[in-house]
Amino acid sequence: DRSLRIAPSILAADFAAFGAECRAVEDAGADWVHVDVMDGHFVPNITFGPQMCAAIRPHVRGVMDVHLMIAPVDPYIEAFAAAGADIITAHLEAGPHIHRTLQAIRATGKKAGLAINPGTDIAPVAEVLDLLDLVCVMTVNPGFGGQSFIASQLDKIARLRALIGDRPIHIEVDGGITPDTAPRAAAAGADVLVAGSAVFRGGPQAYGTNIRAIRTAA
Ligand code: DX5
Ligand code: ZN
């Protein structure tokens with residue numbers, strides 16, 4: 001199903017109230033909840049780990065989409081699966097054995113995602129298509145919310161769409177998504193739009209308006 005999905009990133013939520021924030025964005029029309037895990041090593045910022053994901057899980061009715069910006073990643077896959085992730089996404093750049101990492105994610109019974117940084121080519125994606133449920137094209141350099149969309153990635157999204165063809169693999173775009181950039185990403189072939197600051201700005205009473213603005217524009 002390639003219908004458009006909006007996945008608010010709780011990186012932009014109130015860290016002291018993740019449970020309420022997850023419920024609020026789902027009530028406001030979010031399709032998935034996107035959870036950004038950062039280790040201060042693969043990316044220059046630290047968020048939280050599997051214990052926080054497990055704490056959030058009961059507050060997410062739908063899909064919990066866990067984006068691991070950590071290296072190494074393999075030692076933690078089972079912990080994030082046990083924490084209740086529905087999709088576990090690892091970075092191509094996080095280690096030399098992405099095929100093994102994707103196999104390990106699939107072995108937990110969870111859906112497997114592969115994230116690629118702005119400076120990374122899509123060629124390796126072709127070698128692991130049979131292990132993929134999602135490819136996440138980073139449209140910012142990972143580590144922080146609120147950065148500007150890197151427009152050069154639109155051509156990459158289009159090439160990825162051609163590579164994936166009719167396979168049931170989502171193309172997710174992550175970073176700098178707003179009502180301005182969402183339609184460009186969707187036109188290039190993305191079907192899951194992650195948005196942090198553009199959803200959470202203005203507080204809970206604005207979430208519905210913010211999500212609708214992105215969906216309508218796209
Ligand atoms: C960046 C994260 C993104 C980020 C998106 O490292 O992976 O999910 O939170 O935030 P915005 O939408 O503010 O760019
Ligand atoms: Zn993310």
# chains A, B, ... in the order shown; residues from 1 in each chain; ligands from 1
call {"tool": "residues_near_ligand", "arguments": {"ligand": "ligand 2", "cutoff": "7 Å", "atoms": "only C-alpha atoms and all ligand atoms", "output": "VMD selection string"}}
result
chain A and resid 9 34 to 36 67 174 194
call {"tool": "write_last_selection", "arguments": {"atoms": "N, CA and C atoms", "output": "PDB file, in the first residue's frame"}}
result
ATOM      1  N   SER A   9       8.060  12.777  14.110  1.00  0.00           N
ATOM      2  CA  SER A   9       9.256  12.390  14.858  1.00  0.00           C
ATOM      3  C   SER A   9       9.191  12.989  16.251  1.00  0.00           C
ATOM      4  N   HIS A  34       7.416   8.086  14.654  1.00  0.00           N
ATOM      5  CA  HIS A  34       8.833   7.903  14.302  1.00  0.00           C
ATOM      6  C   HIS A  34       9.699   8.219  15.522  1.00  0.00           C
ATOM      7  N   VAL A  35      10.552   7.259  15.889  1.00  0.00           N
ATOM      8  CA  VAL A  35      11.319   7.335  17.130  1.00  0.00           C
ATOM      9  C   VAL A  35      12.814   7.370  16.784  1.00  0.00           C
ATOM     10  N   ASP A  36      13.469   8.480  17.093  1.00  0.00           N
ATOM     11  CA  ASP A  36      14.869   8.692  16.707  1.00  0.00           C
ATOM     12  C   ASP A  36      15.812   8.326  17.849  1.00  0.00           C
ATOM     13  N   HIS A  67      14.076   4.503  14.250  1.00  0.00           N
ATOM     14  CA  HIS A  67      15.211   4.900  13.405  1.00  0.00           C
ATOM     15  C   HIS A  67      16.474   4.895  14.259  1.00  0.00           C
ATOM     16  N   ASP A 174      13.203  11.679   5.469  1.00  0.00           N
ATOM     17  CA  ASP A 174      13.379  12.104   6.865  1.00  0.00           C
ATOM     18  C   ASP A 174      14.296  13.326   6.926  1.00  0.00           C
ATOM     19  N   VAL A 194       8.461  11.683   7.253  1.00  0.00           N
ATOM     20  CA  VAL A 194       8.770  11.945   8.654  1.00  0.00           C
ATOM     21  C   VAL A 194       8.817  13.458   8.841  1.00  0.00           C
TER      22      VAL A 194
END
call {"tool": "residues_around", "arguments": {"residues": "Asp14 (chain A)", "least_positions_apart": "5", "cutoff": "10 Å", "atoms": "only C-alpha atoms", "output": "list of chain:residue names"}}
result
A:Gly19, A:Ala20, A:Glu21, A:Phe200, A:Gly203
call {"tool": "residues_near_ligand", "arguments": {"ligand": "ligand 1", "cutoff": "6 Å", "atoms": "only C-alpha atoms and all ligand atoms", "output": "PyMOL selection string"}}
result
chain A and resi 9+11+36+142-147+174-177+195-198
call {"tool": "write_last_selection", "arguments": {"atoms": "N, CA and C atoms", "output": "compact mmCIF listing (two decimals), in the first residue's frame"}}
result
# COMPACT_ATOMS: atom_id res chain seq x y z
N SER A 9 8.06 12.78 14.11
CA SER A 9 9.26 12.39 14.86
C SER A 9 9.19 12.99 16.25
N LEU A 11 11.38 13.35 18.23
CA LEU A 11 12.56 14.16 18.56
C LEU A 11 12.16 15.61 18.83
N ASP A 36 13.47 8.48 17.09
CA ASP A 36 14.87 8.69 16.71
C ASP A 36 15.81 8.33 17.85
N PRO A 142 21.88 13.40 9.68
CA PRO A 142 21.19 13.01 10.89
C PRO A 142 21.88 13.51 12.16
N GLY A 143 21.07 13.73 13.18
CA GLY A 143 21.59 14.15 14.48
C GLY A 143 20.71 15.19 15.16
N PHE A 144 20.05 16.00 14.36
CA PHE A 144 19.27 17.09 14.94
C PHE A 144 18.00 17.33 14.14
N GLY A 145 16.96 17.76 14.84
CA GLY A 145 15.75 18.21 14.18
C GLY A 145 15.90 19.66 13.74
N GLY A 146 14.94 20.13 12.97
CA GLY A 146 14.89 21.55 12.63
C GLY A 146 15.89 22.02 11.59
N GLN A 147 16.51 21.09 10.85
CA GLN A 147 17.46 21.49 9.81
C GLN A 147 16.73 21.67 8.47
N ASP A 174 13.20 11.68 5.47
CA ASP A 174 13.38 12.10 6.87
C ASP A 174 14.30 13.33 6.93
N GLY A 175 13.72 14.46 7.34
CA GLY A 175 14.51 15.66 7.58
C GLY A 175 14.01 16.85 6.79
N GLY A 176 13.63 17.90 7.50
CA GLY A 176 13.25 19.15 6.83
C GLY A 176 11.94 19.09 6.07
N ILE A 177 11.05 18.14 6.45
CA ILE A 177 9.75 18.05 5.77
C ILE A 177 8.80 19.11 6.33
N ALA A 195 8.20 13.94 9.91
CA ALA A 195 8.27 15.38 10.18
C ALA A 195 8.31 15.60 11.68
N GLY A 196 9.31 16.34 12.13
CA GLY A 196 9.45 16.64 13.54
C GLY A 196 8.95 18.03 13.85
N SER A 197 9.77 19.02 13.58
CA SER A 197 9.41 20.39 13.97
C SER A 197 8.13 20.87 13.29
N ALA A 198 7.87 20.45 12.05
CA ALA A 198 6.69 20.94 11.34
C ALA A 198 5.39 20.38 11.93
call {"tool": "select_by_dssp", "arguments": {"residues": "chain A", "states": "strand (DSSP E)", "output": "PyMOL selection string"}}
result
chain A and resi 5-8+32-38+63-69+87-91+111-116+134-138+170-174+192-195
call {"tool": "closest_atom_pairs", "arguments": {"of": "region 127-190 of chain A", "to": "region 89-101 of chain A", "cutoff": "8 Å", "atoms": "only C-alpha atoms", "output": "CSV"}}
result
residue,atom,partner,partner_atom,distance
A:Val128,CA,A:His99,CA,6.5
A:Leu131,CA,A:His99,CA,7.9
A:Leu134,CA,A:Thr89,CA,7.9
A:Cys136,CA,A:Thr89,CA,7.8
call {"tool": "write_last_selection", "arguments": {"atoms": "C-alpha atoms", "output": "CSV table (one decimal), in the first residue's frame"}}
result
chain,number,residue,atom,x,y,z
A,128,VAL,CA,19.7,-6.1,-0.4
A,131,LEU,CA,15.6,-8.0,2.9
A,134,LEU,CA,11.6,0.4,3.9
A,136,CYS,CA,14.8,5.9,4.5
call {"tool": "residues_around", "arguments": {"residues": "Val37 (chain A)", "least_positions_apart": "2", "cutoff": "6 Å", "atoms": "only C-alpha atoms", "output": "short mmCIF file (atom, residue, chain, number, x, y, z; two decimals) with C-alpha atoms, in the first residue's frame"}}
result
data_model
loop_
_atom_site.label_atom_id
_atom_site.label_comp_id
_atom_site.auth_asym_id
_atom_site.auth_seq_id
_atom_site.Cartn_x
_atom_site.Cartn_y
_atom_site.Cartn_z
CA THR A 47 18.54 10.77 22.72
CA PHE A 48 17.48 7.52 24.39
CA LEU A 68 18.51 3.73 14.84
CA MET A 69 21.32 6.26 14.44
#
call {"tool": "closest_residue", "arguments": {"among": "A:Phe18, A:Phe42, A:Tyr207, A:Trp32", "to": "Ala85 (chain A)", "atoms": "only C-alpha atoms"}}
result
A:Trp32
call {"tool": "residues_around", "arguments": {"residues": "region 81-84 of chain A", "least_positions_apart": "2", "cutoff": "12 Å", "atoms": "only C-alpha atoms", "output": "PyMOL selection string"}}
result
chain A and resi 35+49-66+68+74-79+86-89+104-112
call {"tool": "closest_residue", "arguments": {"among": "A:Val173, A:Leu132, A:Ile116, A:Ile70", "to": "Val43 (chain A)", "atoms": "only C-alpha atoms"}}
result
A:Ile70
call {"tool": "atom_distance", "arguments": {"atom1": "CA of Ser152 (chain A)", "atom2": "CA of Val135 (chain A)"}}
result
17.0 Å
call {"tool": "select_by_dssp", "arguments": {"residues": "chain A", "states": "helix (DSSP H, G or I)", "output": "ChimeraX atom specification"}}
result
/A:10-12,15-27,50-59,74-82,92-94,98-107,123-127,129-131,153-164,182-188,197-200,204-217
call {"tool": "write_last_selection", "arguments": {"atoms": "C-alpha atoms", "output": "mmCIF file, in the first residue's frame"}}
result
data_model
loop_
_atom_site.group_PDB
_atom_site.id
_atom_site.type_symbol
_atom_site.label_atom_id
_atom_site.label_comp_id
_atom_site.auth_asym_id
_atom_site.auth_seq_id
_atom_site.Cartn_x
_atom_site.Cartn_y
_atom_site.Cartn_z
ATOM 1 C CA ILE A 10 9.097 12.605 18.642
ATOM 2 C CA LEU A 11 12.564 14.160 18.557
ATOM 3 C CA ALA A 12 10.592 17.427 18.397
ATOM 4 C CA PHE A 15 10.781 14.751 26.201
ATOM 5 C CA ALA A 16 9.123 14.848 29.635
ATOM 6 C CA ALA A 17 5.769 13.766 28.208
ATOM 7 C CA PHE A 18 6.376 11.224 25.433
ATOM 8 C CA GLY A 19 3.324 9.120 26.295
ATOM 9 C CA ALA A 20 0.925 12.046 26.042
ATOM 10 C CA GLU A 21 2.724 13.376 22.952
ATOM 11 C CA CYS A 22 2.392 10.038 21.119
ATOM 12 C CA ARG A 23 -1.321 9.865 21.921
ATOM 13 C CA ALA A 24 -1.791 13.492 20.878
ATOM 14 C CA VAL A 25 -0.188 13.104 17.432
ATOM 15 C CA GLU A 26 -2.094 9.891 16.747
ATOM 16 C CA ASP A 27 -5.352 11.564 17.780
ATOM 17 C CA PRO A 50 15.345 0.640 24.146
ATOM 18 C CA GLN A 51 14.046 1.304 27.662
ATOM 19 C CA MET A 52 12.426 4.547 26.473
ATOM 20 C CA CYS A 53 11.002 2.780 23.417
ATOM 21 C CA ALA A 54 9.416 0.176 25.678
ATOM 22 C CA ALA A 55 7.953 2.940 27.848
ATOM 23 C CA ILE A 56 6.451 4.666 24.800
ATOM 24 C CA ARG A 57 5.032 1.488 23.272
ATOM 25 C CA PRO A 58 1.764 1.312 25.279
ATOM 26 C CA HIS A 59 0.997 4.881 24.176
ATOM 27 C CA ASP A 74 23.701 -5.380 15.680
ATOM 28 C CA PRO A 75 24.128 -5.823 19.471
ATOM 29 C CA TYR A 76 20.954 -3.775 20.104
ATOM 30 C CA ILE A 77 18.520 -5.148 17.523
ATOM 31 C CA GLU A 78 16.926 -7.696 19.823
ATOM 32 C CA ALA A 79 16.483 -5.082 22.555
ATOM 33 C CA PHE A 80 14.586 -2.747 20.216
ATOM 34 C CA ALA A 81 12.486 -5.643 18.934
ATOM 35 C CA ALA A 82 11.634 -6.604 22.523
ATOM 36 C CA LEU A 92 23.965 1.742 5.703
ATOM 37 C CA GLU A 93 26.907 3.766 7.019
ATOM 38 C CA ALA A 94 26.775 2.261 10.527
ATOM 39 C CA ILE A 98 24.456 -4.219 6.394
ATOM 40 C CA HIS A 99 23.234 -7.503 4.881
ATOM 41 C CA ARG A 100 23.814 -9.255 8.204
ATOM 42 C CA THR A 101 22.136 -6.397 10.075
ATOM 43 C CA LEU A 102 19.011 -6.584 7.899
ATOM 44 C CA GLN A 103 18.921 -10.366 8.286
ATOM 45 C CA ALA A 104 19.140 -9.917 12.052
ATOM 46 C CA ILE A 105 16.237 -7.448 12.037
ATOM 47 C CA ARG A 106 14.097 -9.790 9.921
ATOM 48 C CA ALA A 107 15.002 -12.685 12.228
ATOM 49 C CA ALA A 123 23.724 1.429 -5.380
ATOM 50 C CA PRO A 124 24.085 -0.877 -2.315
ATOM 51 C CA VAL A 125 20.292 -0.851 -1.870
ATOM 52 C CA ALA A 126 20.011 -2.954 -5.026
ATOM 53 C CA GLU A 127 22.003 -5.735 -3.332
ATOM 54 C CA LEU A 129 16.204 -5.507 -1.869
ATOM 55 C CA ASP A 130 14.953 -8.927 -0.769
ATOM 56 C CA LEU A 131 15.611 -7.978 2.883
ATOM 57 C CA GLN A 153 18.165 14.286 -2.453
ATOM 58 C CA LEU A 154 15.015 14.559 -4.604
ATOM 59 C CA ASP A 155 16.832 13.046 -7.562
ATOM 60 C CA LYS A 156 18.003 10.194 -5.303
ATOM 61 C CA ILE A 157 14.412 9.525 -4.221
ATOM 62 C CA ALA A 158 13.336 9.337 -7.869
ATOM 63 C CA ARG A 159 16.168 6.922 -8.736
ATOM 64 C CA LEU A 160 15.278 4.817 -5.707
ATOM 65 C CA ARG A 161 11.622 4.723 -6.792
ATOM 66 C CA ALA A 162 12.738 3.424 -10.199
ATOM 67 C CA LEU A 163 14.990 0.823 -8.563
ATOM 68 C CA ILE A 164 12.254 -0.434 -6.214
ATOM 69 C CA ALA A 182 6.471 17.426 1.361
ATOM 70 C CA PRO A 183 4.930 17.662 -2.136
ATOM 71 C CA ARG A 184 8.377 17.616 -3.751
ATOM 72 C CA ALA A 185 9.383 14.495 -1.822
ATOM 73 C CA ALA A 186 6.065 12.798 -2.584
ATOM 74 C CA ALA A 187 6.271 13.687 -6.287
ATOM 75 C CA ALA A 188 9.761 12.164 -6.414
ATOM 76 C CA SER A 197 9.405 20.390 13.966
ATOM 77 C CA ALA A 198 6.688 20.937 11.336
ATOM 78 C CA VAL A 199 4.287 18.722 13.338
ATOM 79 C CA PHE A 200 5.157 19.629 16.934
ATOM 80 C CA PRO A 204 -0.797 19.896 21.049
ATOM 81 C CA GLN A 205 -3.647 22.126 19.874
ATOM 82 C CA ALA A 206 -1.752 22.721 16.605
ATOM 83 C CA TYR A 207 -0.869 19.083 15.778
ATOM 84 C CA GLY A 208 -4.027 18.433 13.763
ATOM 85 C CA THR A 209 -3.601 21.571 11.689
ATOM 86 C CA ASN A 210 0.100 20.887 11.202
ATOM 87 C CA ILE A 211 -0.425 17.287 10.041
ATOM 88 C CA ARG A 212 -3.279 18.271 7.731
ATOM 89 C CA ALA A 213 -1.131 21.036 6.207
ATOM 90 C CA ILE A 214 1.562 18.502 5.268
ATOM 91 C CA ARG A 215 -0.938 15.915 4.003
ATOM 92 C CA THR A 216 -2.919 18.417 1.938
ATOM 93 C CA ALA A 217 0.222 19.904 0.407
#
call {"tool": "atom_distance", "arguments": {"atom1": "CA of Ile46 (chain A)", "atom2": "CA of Val33 (chain A)"}}
result
18.9 Å
call {"tool": "closest_residue", "arguments": {"among": "A:Ala7, A:Thr178, A:Ala218, A:Asp166", "to": "Arg201 (chain A)", "atoms": "only C-alpha atoms"}}
result
A:Thr178
call {"tool": "closest_residue", "arguments": {"among": "A:Phe149, A:Asp133, A:Ala28, A:Arg167", "to": "Pro118 (chain A)", "atoms": "only C-alpha atoms"}}
result
A:Phe149
call {"tool": "atom_distance", "arguments": {"atom1": "CA of Val73 (chain A)", "atom2": "CA of Met38 (chain A)"}}
result
10.9 Å
